[in-house]
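Novice: Sharing coords.txt (compact mmCIF, C-alpha atoms and all ligand atoms) below.
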```txt
# COMPACT_ATOMS: atom_id res chain seq x y z
CA MET A 1 13.24 13.14 -10.97
CA PRO A 2 13.29 11.07 -14.21
CA LEU A 3 15.29 12.46 -17.11
CA ARG A 4 12.25 12.80 -19.34
CA ASP A 5 10.56 15.20 -16.91
CA VAL A 6 13.32 17.83 -16.99
CA SER A 7 14.34 20.31 -19.66
CA TRP A 8 17.89 20.17 -20.98
CA GLU A 9 18.64 23.44 -19.20
CA GLU A 10 17.40 22.06 -15.87
CA PHE A 11 19.25 18.77 -16.30
CA SER A 12 22.56 20.32 -17.33
CA GLY A 13 22.36 22.65 -14.32
CA LEU A 14 22.05 19.79 -11.78
CA SER A 15 24.94 18.69 -9.56
CA LEU A 16 26.64 15.45 -10.59
CA ASP A 17 24.76 13.63 -7.81
CA GLY A 18 21.44 15.05 -9.04
CA LYS A 19 22.27 14.02 -12.61
CA ALA A 20 23.31 10.56 -11.46
CA ARG A 21 19.92 10.02 -9.80
CA ALA A 22 18.06 11.16 -12.94
CA LEU A 23 19.89 8.60 -15.08
CA ASN A 24 18.35 5.56 -13.40
CA SER A 25 14.99 4.21 -14.43
CA LYS A 26 12.68 2.17 -12.19
CA GLY A 27 15.41 1.94 -9.54
CA ARG A 28 17.89 0.41 -11.99
CA LEU A 29 20.91 1.76 -13.87
CA PHE A 30 19.72 3.02 -17.23
CA HIS A 31 22.13 5.46 -18.90
CA VAL A 32 25.71 5.02 -17.65
CA LEU A 33 27.55 8.32 -18.02
CA TYR A 34 29.54 9.10 -14.88
CA ALA A 35 31.60 7.28 -12.27
CA GLN A 36 29.52 9.15 -9.67
CA GLN A 37 26.60 6.80 -10.45
CA PHE A 38 28.35 3.96 -8.59
CA GLY A 39 28.53 3.49 -4.85
CA ARG A 40 30.27 0.75 -2.89
CA LYS A 41 27.35 -1.70 -3.09
CA GLU A 42 27.03 -1.31 -6.86
CA LEU A 43 30.78 -1.88 -7.24
CA ASP A 44 30.75 -4.99 -5.04
CA ASP A 45 27.71 -6.39 -6.84
CA LEU A 46 29.10 -5.67 -10.31
CA GLY A 47 32.44 -7.28 -9.47
CA ALA A 48 30.69 -10.40 -8.13
CA LEU A 49 28.49 -10.58 -11.24
CA ALA A 50 31.52 -10.17 -13.53
CA THR A 51 33.19 -13.08 -11.74
CA GLN A 52 30.06 -15.22 -12.14
CA ILE A 53 29.92 -14.43 -15.87
CA ARG A 54 33.65 -15.13 -16.19
CA PHE A 55 33.32 -18.56 -14.62
CA LEU A 56 30.13 -19.47 -16.47
CA ALA A 57 31.76 -18.51 -19.79
CA LYS A 58 34.52 -21.09 -19.20
CA SER A 59 32.25 -24.09 -19.83
CA ASP A 60 30.34 -25.02 -22.96
CA ASP A 61 27.08 -25.21 -20.99
CA GLY A 62 27.68 -21.91 -19.21
CA ALA A 63 28.69 -20.09 -22.40
CA ARG A 64 25.54 -21.33 -24.16
CA PHE A 65 23.41 -20.24 -21.20
CA LEU A 66 24.90 -16.72 -21.41
CA LEU A 67 24.46 -16.60 -25.19
CA GLY A 68 20.77 -17.33 -24.74
CA LEU A 69 20.14 -14.34 -22.48
CA LEU A 70 19.93 -11.37 -24.88
CA PRO A 71 19.70 -12.74 -28.46
CA HIS A 72 16.72 -10.43 -29.03
CA ARG A 73 18.75 -7.30 -28.17
CA ARG A 74 21.08 -5.30 -30.41
CA ALA A 75 23.88 -2.92 -29.44
CA MET A 76 25.13 0.02 -31.50
CA LEU A 77 28.75 1.05 -31.06
CA TYR A 78 29.08 4.71 -32.04
CA PHE A 79 32.81 5.35 -31.69
CA THR A 80 33.88 8.51 -33.45
CA GLN A 81 37.12 8.80 -31.47
CA PRO A 82 39.83 6.13 -31.90
CA SER A 83 39.71 3.08 -29.65
CA THR A 84 40.99 -0.48 -29.67
CA ARG A 85 40.23 -2.14 -26.34
CA THR A 86 37.09 -0.28 -25.27
CA PHE A 87 35.52 -0.91 -28.66
CA LEU A 88 36.56 -4.56 -28.85
CA SER A 89 35.77 -5.39 -25.23
CA PHE A 90 32.27 -3.95 -25.63
CA CYS A 91 31.88 -6.07 -28.81
CA ALA A 92 33.02 -9.14 -26.87
CA ALA A 93 30.87 -8.29 -23.82
CA CYS A 94 27.74 -7.97 -25.98
CA GLU A 95 28.58 -11.20 -27.79
CA VAL A 96 29.04 -13.08 -24.50
CA LEU A 97 25.39 -12.24 -23.74
CA GLY A 98 24.19 -13.13 -27.25
CA MET A 99 23.57 -9.56 -28.46
CA SER A 100 24.17 -8.59 -32.07
CA LEU A 101 26.13 -5.51 -33.02
CA GLY A 102 26.19 -2.52 -35.33
CA GLU A 103 28.85 0.18 -35.54
CA VAL A 104 29.71 3.64 -36.79
CA ARG A 105 33.37 4.50 -36.29
CA ASP A 106 33.85 7.10 -38.93
CA THR A 107 31.28 9.80 -39.62
CA SER A 108 32.57 10.18 -43.16
CA THR A 109 30.71 6.93 -43.84
CA SER A 110 27.48 7.89 -42.03
CA SER A 111 24.88 10.55 -42.82
CA GLU A 112 26.63 12.96 -40.44
CA PHE A 113 28.82 13.52 -43.51
CA LYS A 114 25.70 14.90 -45.22
CA GLY A 115 25.05 17.27 -42.34
CA GLU A 116 22.82 15.12 -40.11
CA SER A 117 22.98 16.25 -36.47
CA GLN A 118 24.30 13.97 -33.73
CA GLU A 119 20.84 14.06 -32.13
CA ASP A 120 19.23 12.75 -35.33
CA SER A 121 22.00 10.16 -35.77
CA VAL A 122 21.48 8.80 -32.26
CA ARG A 123 17.69 8.78 -32.65
CA THR A 124 18.22 6.83 -35.87
CA PHE A 125 20.39 4.28 -34.01
CA SER A 126 17.65 3.92 -31.40
CA SER A 127 15.20 2.94 -34.14
CA TYR A 128 17.19 -0.24 -34.77
CA PHE A 129 19.16 -0.90 -31.58
CA ASP A 130 18.42 -1.42 -27.89
CA LEU A 131 21.66 -0.01 -26.46
CA ILE A 132 24.04 2.69 -27.70
CA VAL A 133 27.66 2.64 -26.55
CA MET A 134 29.39 5.85 -27.54
CA ARG A 135 32.85 7.38 -27.50
CA SER A 136 33.45 10.94 -28.58
CA LYS A 137 36.10 13.58 -28.22
CA ILE A 138 33.30 16.03 -27.40
CA GLY A 139 32.95 16.38 -23.63
CA GLY A 140 29.33 16.09 -22.48
CA LEU A 141 28.04 14.66 -25.77
CA ALA A 142 26.93 11.36 -24.18
CA GLU A 143 25.01 13.37 -21.57
CA ARG A 144 23.20 15.39 -24.23
CA MET A 145 22.39 12.26 -26.24
CA ALA A 146 21.05 10.51 -23.13
CA TRP A 147 18.72 13.43 -22.48
CA THR A 148 17.66 13.45 -26.16
CA LEU A 149 16.81 9.75 -26.12
CA SER A 150 15.04 9.86 -22.77
CA ASN A 151 12.80 12.51 -24.26
CA SER A 152 12.13 10.58 -27.47
CA GLU A 153 9.63 7.84 -28.21
CA ARG A 154 12.35 5.16 -28.04
CA PRO A 155 14.43 5.89 -24.94
CA VAL A 156 17.20 3.27 -25.21
CA PRO A 157 20.12 3.41 -22.76
CA ILE A 158 23.46 5.07 -23.52
CA ILE A 159 26.80 3.96 -22.14
CA ASN A 160 29.58 6.54 -22.12
CA ALA A 161 32.69 4.76 -23.43
CA GLY A 162 34.86 7.87 -23.07
CA SER A 163 33.80 11.49 -23.51
CA GLY A 164 36.24 14.30 -24.06
CA ARG A 165 38.82 14.71 -21.31
CA ASP A 166 36.16 14.30 -18.70
CA GLN A 167 34.97 10.77 -17.94
CA HIS A 168 35.55 7.13 -18.87
CA PRO A 169 33.33 5.38 -16.33
CA THR A 170 33.50 1.84 -17.71
CA GLN A 171 37.32 1.97 -17.75
CA ALA A 172 37.11 2.90 -14.07
CA LEU A 173 34.80 -0.06 -13.47
CA LEU A 174 37.28 -2.47 -15.02
CA ASP A 175 40.08 -0.86 -13.01
CA ILE A 176 38.10 -1.40 -9.81
CA TYR A 177 37.42 -5.01 -10.81
CA THR A 178 41.16 -5.49 -11.38
CA LEU A 179 41.92 -4.02 -7.94
CA GLN A 180 39.21 -6.18 -6.33
CA ARG A 181 40.80 -9.28 -7.87
CA SER A 182 44.36 -8.19 -7.11
CA PHE A 183 43.63 -7.54 -3.41
CA GLU A 184 41.18 -10.40 -2.91
CA ARG A 185 43.50 -12.07 -0.38
CA ARG A 186 44.75 -8.82 1.14
CA GLY A 187 41.55 -7.43 2.62
CA GLY A 188 40.24 -5.82 -0.57
CA ILE A 189 40.73 -2.25 -1.75
CA ASP A 190 40.05 -0.59 1.64
CA GLY A 191 43.15 1.05 3.12
CA LYS A 192 45.31 0.70 0.02
CA ARG A 193 47.69 3.31 -1.33
CA ILE A 194 47.06 3.96 -5.02
CA VAL A 195 49.65 5.99 -6.95
CA PHE A 196 48.55 7.64 -10.21
CA VAL A 197 51.34 8.71 -12.55
CA GLY A 198 51.64 10.71 -15.76
CA ASP A 199 49.19 12.98 -17.53
CA LEU A 200 46.60 13.34 -14.80
CA ALA A 201 45.28 16.65 -16.12
CA ARG A 202 43.95 15.18 -19.35
CA GLY A 203 43.60 11.48 -18.52
CA ARG A 204 39.87 10.79 -18.17
CA THR A 205 40.50 7.29 -16.77
CA VAL A 206 42.19 8.71 -13.66
CA ARG A 207 39.41 11.26 -13.18
CA SER A 208 36.76 8.51 -13.20
CA LEU A 209 38.77 5.98 -11.17
CA SER A 210 39.63 8.41 -8.39
CA CYS A 211 35.89 9.07 -7.93
CA LEU A 212 35.18 5.33 -7.66
CA LEU A 213 38.04 4.80 -5.20
CA ALA A 214 36.46 7.39 -2.91
CA ASN A 215 33.89 4.67 -2.09
CA TYR A 216 36.53 2.66 -0.21
CA ARG A 217 37.48 3.16 3.43
CA GLY A 218 40.95 4.50 4.18
CA VAL A 219 42.17 4.57 0.58
CA ARG A 220 45.04 7.01 0.06
CA MET A 221 45.55 8.42 -3.41
CA VAL A 222 48.86 9.86 -4.54
CA PHE A 223 48.84 11.94 -7.74
CA VAL A 224 52.32 12.08 -9.26
CA ALA A 225 52.85 14.37 -12.23
CA PRO A 226 54.78 17.40 -13.40
CA ASP A 227 52.96 20.58 -12.35
CA GLN A 228 51.52 21.22 -15.80
CA LEU A 229 49.90 17.75 -15.91
CA GLN A 230 48.66 17.48 -12.32
CA ILE A 231 45.09 16.32 -11.57
CA GLY A 232 42.29 18.90 -11.86
CA ARG A 233 41.11 20.93 -8.89
CA ASP A 234 37.52 19.77 -9.52
CA ILE A 235 38.49 16.15 -8.75
CA LEU A 236 40.40 17.17 -5.61
CA GLU A 237 37.38 19.13 -4.40
CA GLN A 238 35.20 16.04 -4.86
CA LEU A 239 37.69 13.97 -2.84
CA GLU A 240 37.85 16.63 -0.12
CA ALA A 241 34.05 16.75 0.07
CA ARG A 242 34.06 13.01 0.71
CA GLY A 243 36.85 13.17 3.29
CA VAL A 244 39.30 11.20 1.14
CA SER A 245 42.99 11.78 1.82
CA TYR A 246 45.34 12.44 -1.07
CA GLU A 247 48.83 13.71 -1.79
CA LEU A 248 50.20 15.63 -4.77
CA SER A 249 53.78 14.91 -5.76
CA ALA A 250 56.24 15.41 -8.59
CA ASP A 251 58.63 12.69 -7.33
CA PHE A 252 57.72 9.33 -8.86
CA ALA A 253 60.82 7.49 -7.64
CA ALA A 254 59.93 8.31 -4.02
CA ALA A 255 56.35 7.06 -4.44
CA ILE A 256 57.19 3.56 -5.70
CA PRO A 257 58.17 1.62 -2.51
CA ASP A 258 55.00 2.36 -0.50
CA ALA A 259 52.51 1.86 -3.32
CA ASP A 260 49.96 -0.97 -3.26
CA ALA A 261 49.02 -0.15 -6.86
CA ILE A 262 50.72 2.06 -9.42
CA TYR A 263 48.49 3.32 -12.21
CA MET A 264 50.60 4.59 -15.11
CA THR A 265 49.19 6.80 -17.86
CA ARG A 266 50.56 8.05 -21.14
CA ILE A 267 50.97 11.70 -22.12
CA GLN A 268 47.72 12.62 -23.87
CA ASP A 269 49.20 14.92 -26.49
CA GLU A 270 46.15 14.58 -28.74
CA TRP A 271 44.68 17.29 -26.46
CA ASP A 272 47.56 19.74 -26.95
CA LYS A 273 46.30 23.25 -27.59
CA GLU A 274 49.32 24.02 -29.75
CA GLN A 275 51.75 21.84 -31.68
CA GLY A 276 54.50 20.38 -29.49
CA GLU A 277 53.01 21.63 -26.18
CA SER A 278 53.47 18.27 -24.40
CA ALA A 279 56.92 17.71 -25.87
CA ARG A 280 58.17 20.78 -24.01
CA ILE A 281 57.34 19.16 -20.63
CA ASP A 282 60.06 16.94 -19.15
CA THR A 283 58.25 13.65 -18.46
CA SER A 284 61.34 11.44 -18.46
CA SER A 285 61.11 10.69 -14.72
CA TYR A 286 57.47 9.49 -15.00
CA CYS A 287 58.34 6.16 -16.63
CA PHE A 288 58.42 2.72 -15.01
CA THR A 289 61.36 0.58 -16.13
CA GLU A 290 62.75 -2.88 -15.30
CA ALA A 291 65.14 -1.20 -12.85
CA ASP A 292 62.18 0.07 -10.80
CA LEU A 293 60.89 -3.48 -10.19
CA ALA A 294 63.42 -3.98 -7.39
CA ARG A 295 61.89 -1.12 -5.38
CA LEU A 296 58.26 -2.15 -5.95
CA GLY A 297 56.49 -3.94 -3.07
CA LYS A 298 56.29 -7.74 -3.43
CA GLU A 299 52.49 -7.68 -3.48
CA ALA A 300 51.99 -4.40 -5.30
CA VAL A 301 50.40 -4.28 -8.75
CA LEU A 302 51.22 -2.25 -11.83
CA MET A 303 48.27 -1.05 -13.87
CA HIS A 304 47.84 0.92 -17.08
CA PRO A 305 44.62 1.66 -18.96
CA MET A 306 46.62 1.36 -22.23
CA PRO A 307 47.56 2.19 -24.91
CA ARG A 308 51.09 2.85 -23.67
CA ARG A 309 54.12 4.51 -25.08
CA ASN A 310 57.46 4.55 -23.28
CA GLU A 311 56.10 5.26 -19.77
CA MET A 312 55.71 1.51 -19.12
CA ALA A 313 58.64 -0.50 -20.44
CA ALA A 314 57.61 -3.65 -22.31
CA GLY A 315 60.33 -5.51 -20.40
CA VAL A 316 58.19 -5.16 -17.24
CA ASP A 317 55.35 -7.23 -18.76
CA ARG A 318 56.81 -10.54 -17.62
CA ASP A 319 56.78 -9.56 -13.95
CA PRO A 320 53.73 -11.09 -12.18
CA ARG A 321 52.96 -7.72 -10.60
CA ALA A 322 52.28 -6.24 -14.06
CA VAL A 323 48.52 -6.81 -14.36
CA TYR A 324 47.66 -4.50 -17.25
CA TRP A 325 46.98 -7.28 -19.77
CA ARG A 326 44.64 -8.96 -17.28
CA GLN A 327 43.16 -5.53 -16.52
CA MET A 328 42.25 -5.15 -20.19
CA ARG A 329 40.58 -8.57 -20.30
CA ASN A 330 38.64 -7.70 -17.14
CA GLY A 331 36.98 -5.02 -19.26
CA MET A 332 35.06 -7.66 -21.18
CA TRP A 333 33.68 -9.25 -17.99
CA ILE A 334 32.75 -6.07 -16.15
CA ARG A 335 31.11 -4.63 -19.28
CA SER A 336 29.07 -7.84 -19.67
CA ALA A 337 28.03 -7.47 -16.03
CA LEU A 338 27.06 -3.84 -16.53
CA ILE A 339 24.92 -4.64 -19.58
CA ALA A 340 23.34 -7.53 -17.66
CA VAL A 341 22.31 -5.08 -14.91
CA GLN A 342 20.95 -2.57 -17.44
CA PHE A 343 18.83 -5.27 -19.10
CA GLY A 344 17.61 -6.78 -15.83
CA ILE A 345 19.21 -10.21 -16.22
CA ALA A 346 21.64 -10.07 -13.29
CA GLU A 347 19.44 -12.22 -11.05
CA VAL A 348 19.07 -15.02 -13.58
CA ILE A 349 22.88 -15.09 -13.98
CA ARG A 350 23.39 -15.16 -10.20
CA ASN A 351 20.94 -18.05 -9.86
CA ARG A 352 22.59 -20.04 -12.61
CA ALA A 353 26.05 -19.38 -11.15
CA SER A 354 24.97 -20.53 -7.72
CA GLU A 355 23.34 -23.69 -9.14
CA THR A 356 26.59 -24.53 -10.90
CA GLY A 357 28.71 -23.87 -7.80
CA VAL A 358 30.45 -20.66 -8.91
CA LYS A 359 31.85 -19.07 -5.76
CA VAL A 360 32.38 -15.33 -5.47
CA PRO A 361 34.51 -13.72 -2.77
N1 LIG A 401 41.78 2.20 -22.23
C1 LIG A 401 41.19 2.62 -23.37
O1 LIG A 401 40.20 3.37 -23.36
O2 LIG A 401 41.75 2.11 -24.50
P1 LIG A 401 41.25 2.36 -25.99
O3 LIG A 401 41.45 3.83 -26.27
O4 LIG A 401 42.09 1.46 -26.86
O5 LIG A 401 39.79 2.01 -26.04
```
Since I need it in another form, could you write the structure as structure tokens?
Ligand code: CP
Specialist:
Amino acid sequence: MPLRDVSWEEFSGLSLDGKARALNSKGRLFHVLYAQQFGRKELDDLGALATQIRFLAKSDDGARFLLGLLPHRRAMLYFTQPSTRTFLSFCAACEVLGMSLGEVRDTSTSSEFKGESQEDSVRTFSSYFDLIVMRSKIGGLAERMAWTLSNSERPVPIINAGSGRDQHPTQALLDIYTLQRSFERRGGIDGKRIVFVGDLARGRTVRSLSCLLANYRGVRMVFVAPDQLQIGRDILEQLEARGVSYELSADFAAAIPDADAIYMTRIQDEWDKEQGESARIDTSSYCFTEADLARLGKEAVLMHPMPRRNEMAAGVDRDPRAVYWRQMRNGMWIRSALIAVQFGIAEVIRNRASETGVKVP
């Protein structure tokens, strides 16, 4: 059922799976709003495409080929909630493919300041741009804007670059790409033990990534947090429905030795309901320090969506198992791959990569 054939009330009442189906157009990803839109095949294909783009971009010839793919397309970055790496990696991803960019990062400089609605703002962007990437602190706003555009005369795609406390699907895609690369010589992501640590109640990256990990066979997820910051029941119910095994724990030290990947998160106190709410929770034992390196598996990896505070000591950065800087750079490649799929140029990239001998696992 295409998005333009349903009322907002009907669409917002659908299950996540029903919504995910409505977001595609002509059998292809169109709006990208939820992690639930991606199955195992899409994840494998996107990772392979990101690798092909990454290798092509290394040579002068390959970079020029990529630049020539979408010079006639423009992307609008509508980021009204703070961001460094999501914003910049989307800029870089669009530039890799030759797209030009516009941005609104502060509504005090746009006509929203004069009372324009978000619907009218987004319809205005769609008059000039072919893709809208948006981040907002308002949960569900990207979904409402996608419906608005699909029911307008210029239905351009929307990518959710972080909405409220709910979803951050493209962060989860880059996390999966990082895990694919990290476990390339260890049988892939299947069967691995992934330990999530920190503010799991309000961290949208963990919510999206745990849904993507449910696509892998035998993955075991361990959610480690103080009770007040433990992962939401809605995510656990989704995992249970898919037969995924998980553990809840408050003991980070005990979870370190058996982990294949540790995914640290910061305390998201910007969501505190009252001043100092997070500060009253003892989070001191949910930090990874240099001393913990000795108990970490030799082939395990340490991840973090960033930005970090003190939960991941800077002294750990030099250890080869700390992959969070590479993880961040992977965001540029996977976001290029995603945009390539949305604009129907994946095949031409694959062909060029295979002609130039780029090998993907
Ligand atoms: N990981 C992430 O979303 O970082 P930014 O907030 O800097 O975009």
Novice: Please identify the residues whose atoms come within 10 Å of ligand LIG 401 (chain A), using only C-alpha atoms and all ligand atoms, and report them as a VMD selection string.
Specialist: chain A and resid 79 81 to 90 135 161 to 162 168 170 to 172 174 to 175 204 to 205 265 304 to 308 327 to 328 331
Novice: What's the 7 Å shell around A:Gly191, counting only C-alpha atoms, without same-chain residues fewer than 4 positions away, as a ChimeraX atom specification?
Specialist: /A:217-220
Novice: Export C-alpha atoms of the chosen residues as a compact mmCIF listing (two decimals), keeping the file's coordinate frame?
Specialist:
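Now in selection37.txt:
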```txt
# COMPACT_ATOMS: atom_id res chain seq x y z
CA ARG A 217 37.48 3.16 3.43
CA GLY A 218 40.95 4.50 4.18
CA VAL A 219 42.17 4.57 0.58
CA ARG A 220 45.04 7.01 0.06
```
Novice: From the set A:Leu302, A:Thr109, A:Gln275, A:Val96, which residue has the shortest atom-to-atom contact distance to A:Ala50, counting only C-alpha atoms?
Specialist: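 Closest to A:Ala50 of all the choices is A:Val96.
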Novice: Which one is closest to A:Ala254: A:Leu212, A:Leu43, A:Leu296, A:Val206? Count only C-alpha atoms.
Specialist: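 The shortest atom-to-atom distance to A:Ala254 comes from A:Leu296.
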Novice: Could you jot down the atom CA of A:Asp130 to atom CA of A:Gly13 separation for me, Å, one decimal place?
Specialist: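 Atom CA of A:Gly13 lies at a distance of 27.9 Å from atom CA of A:Asp130.
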Novice: Rank A:Ser210, A:Leu338, A:Met312, A:Asp319 by their smallest atom-to-atom distance to A:Leu236, using only C-alpha atoms, and report the top residue only.
Specialist: A:Ser210
Novice: What is the distance, in Å and to one decimal place, between atom CA of A:Val104 and atom CA of A:Arg329?
Specialist: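 Going from atom CA of A:Val104 over to atom CA of A:Arg329, I get 23.2 Å.
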Novice: May I have the residues within 10 Å of stretch 76-78 of chain A as a VMD selection string, using only C-alpha atoms and disregarding those fewer than 4 positions away in the same chain?
Specialist: chain A and resid 87 to 88 90 to 91 100 to 107 121 to 122 125 to 126 128 to 136 158 to 159 161
Novice: With distances taken over only C-alpha atoms, which of A:Glu119, A:Glu184, A:Glu347, A:Glu311 is nearest to A:Thr148?
Specialist: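 Answer, going by the shortest atom-to-atom distance: A:Glu119.
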Novice: I'd like the neighbourhood of A:Leu16 as a count of residues only, where a residue qualifies if any of its atoms comes within 9 Å (using only C-alpha atoms), though same-chain residues fewer than 3 positions away should be ignored.
Specialist: 6
Novice: Any idea what the distance is between atom CA of A:Leu67 and atom CA of A:Glu95?
Specialist: 7.3 Å
Novice: Which residue is closest to A:Val341? Choose from A:Arg186, A:Arg326, A:Arg4, A:His31 and count all atoms listed in the file.
Specialist: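 For A:Val341, the nearest of the given residues is A:His31.
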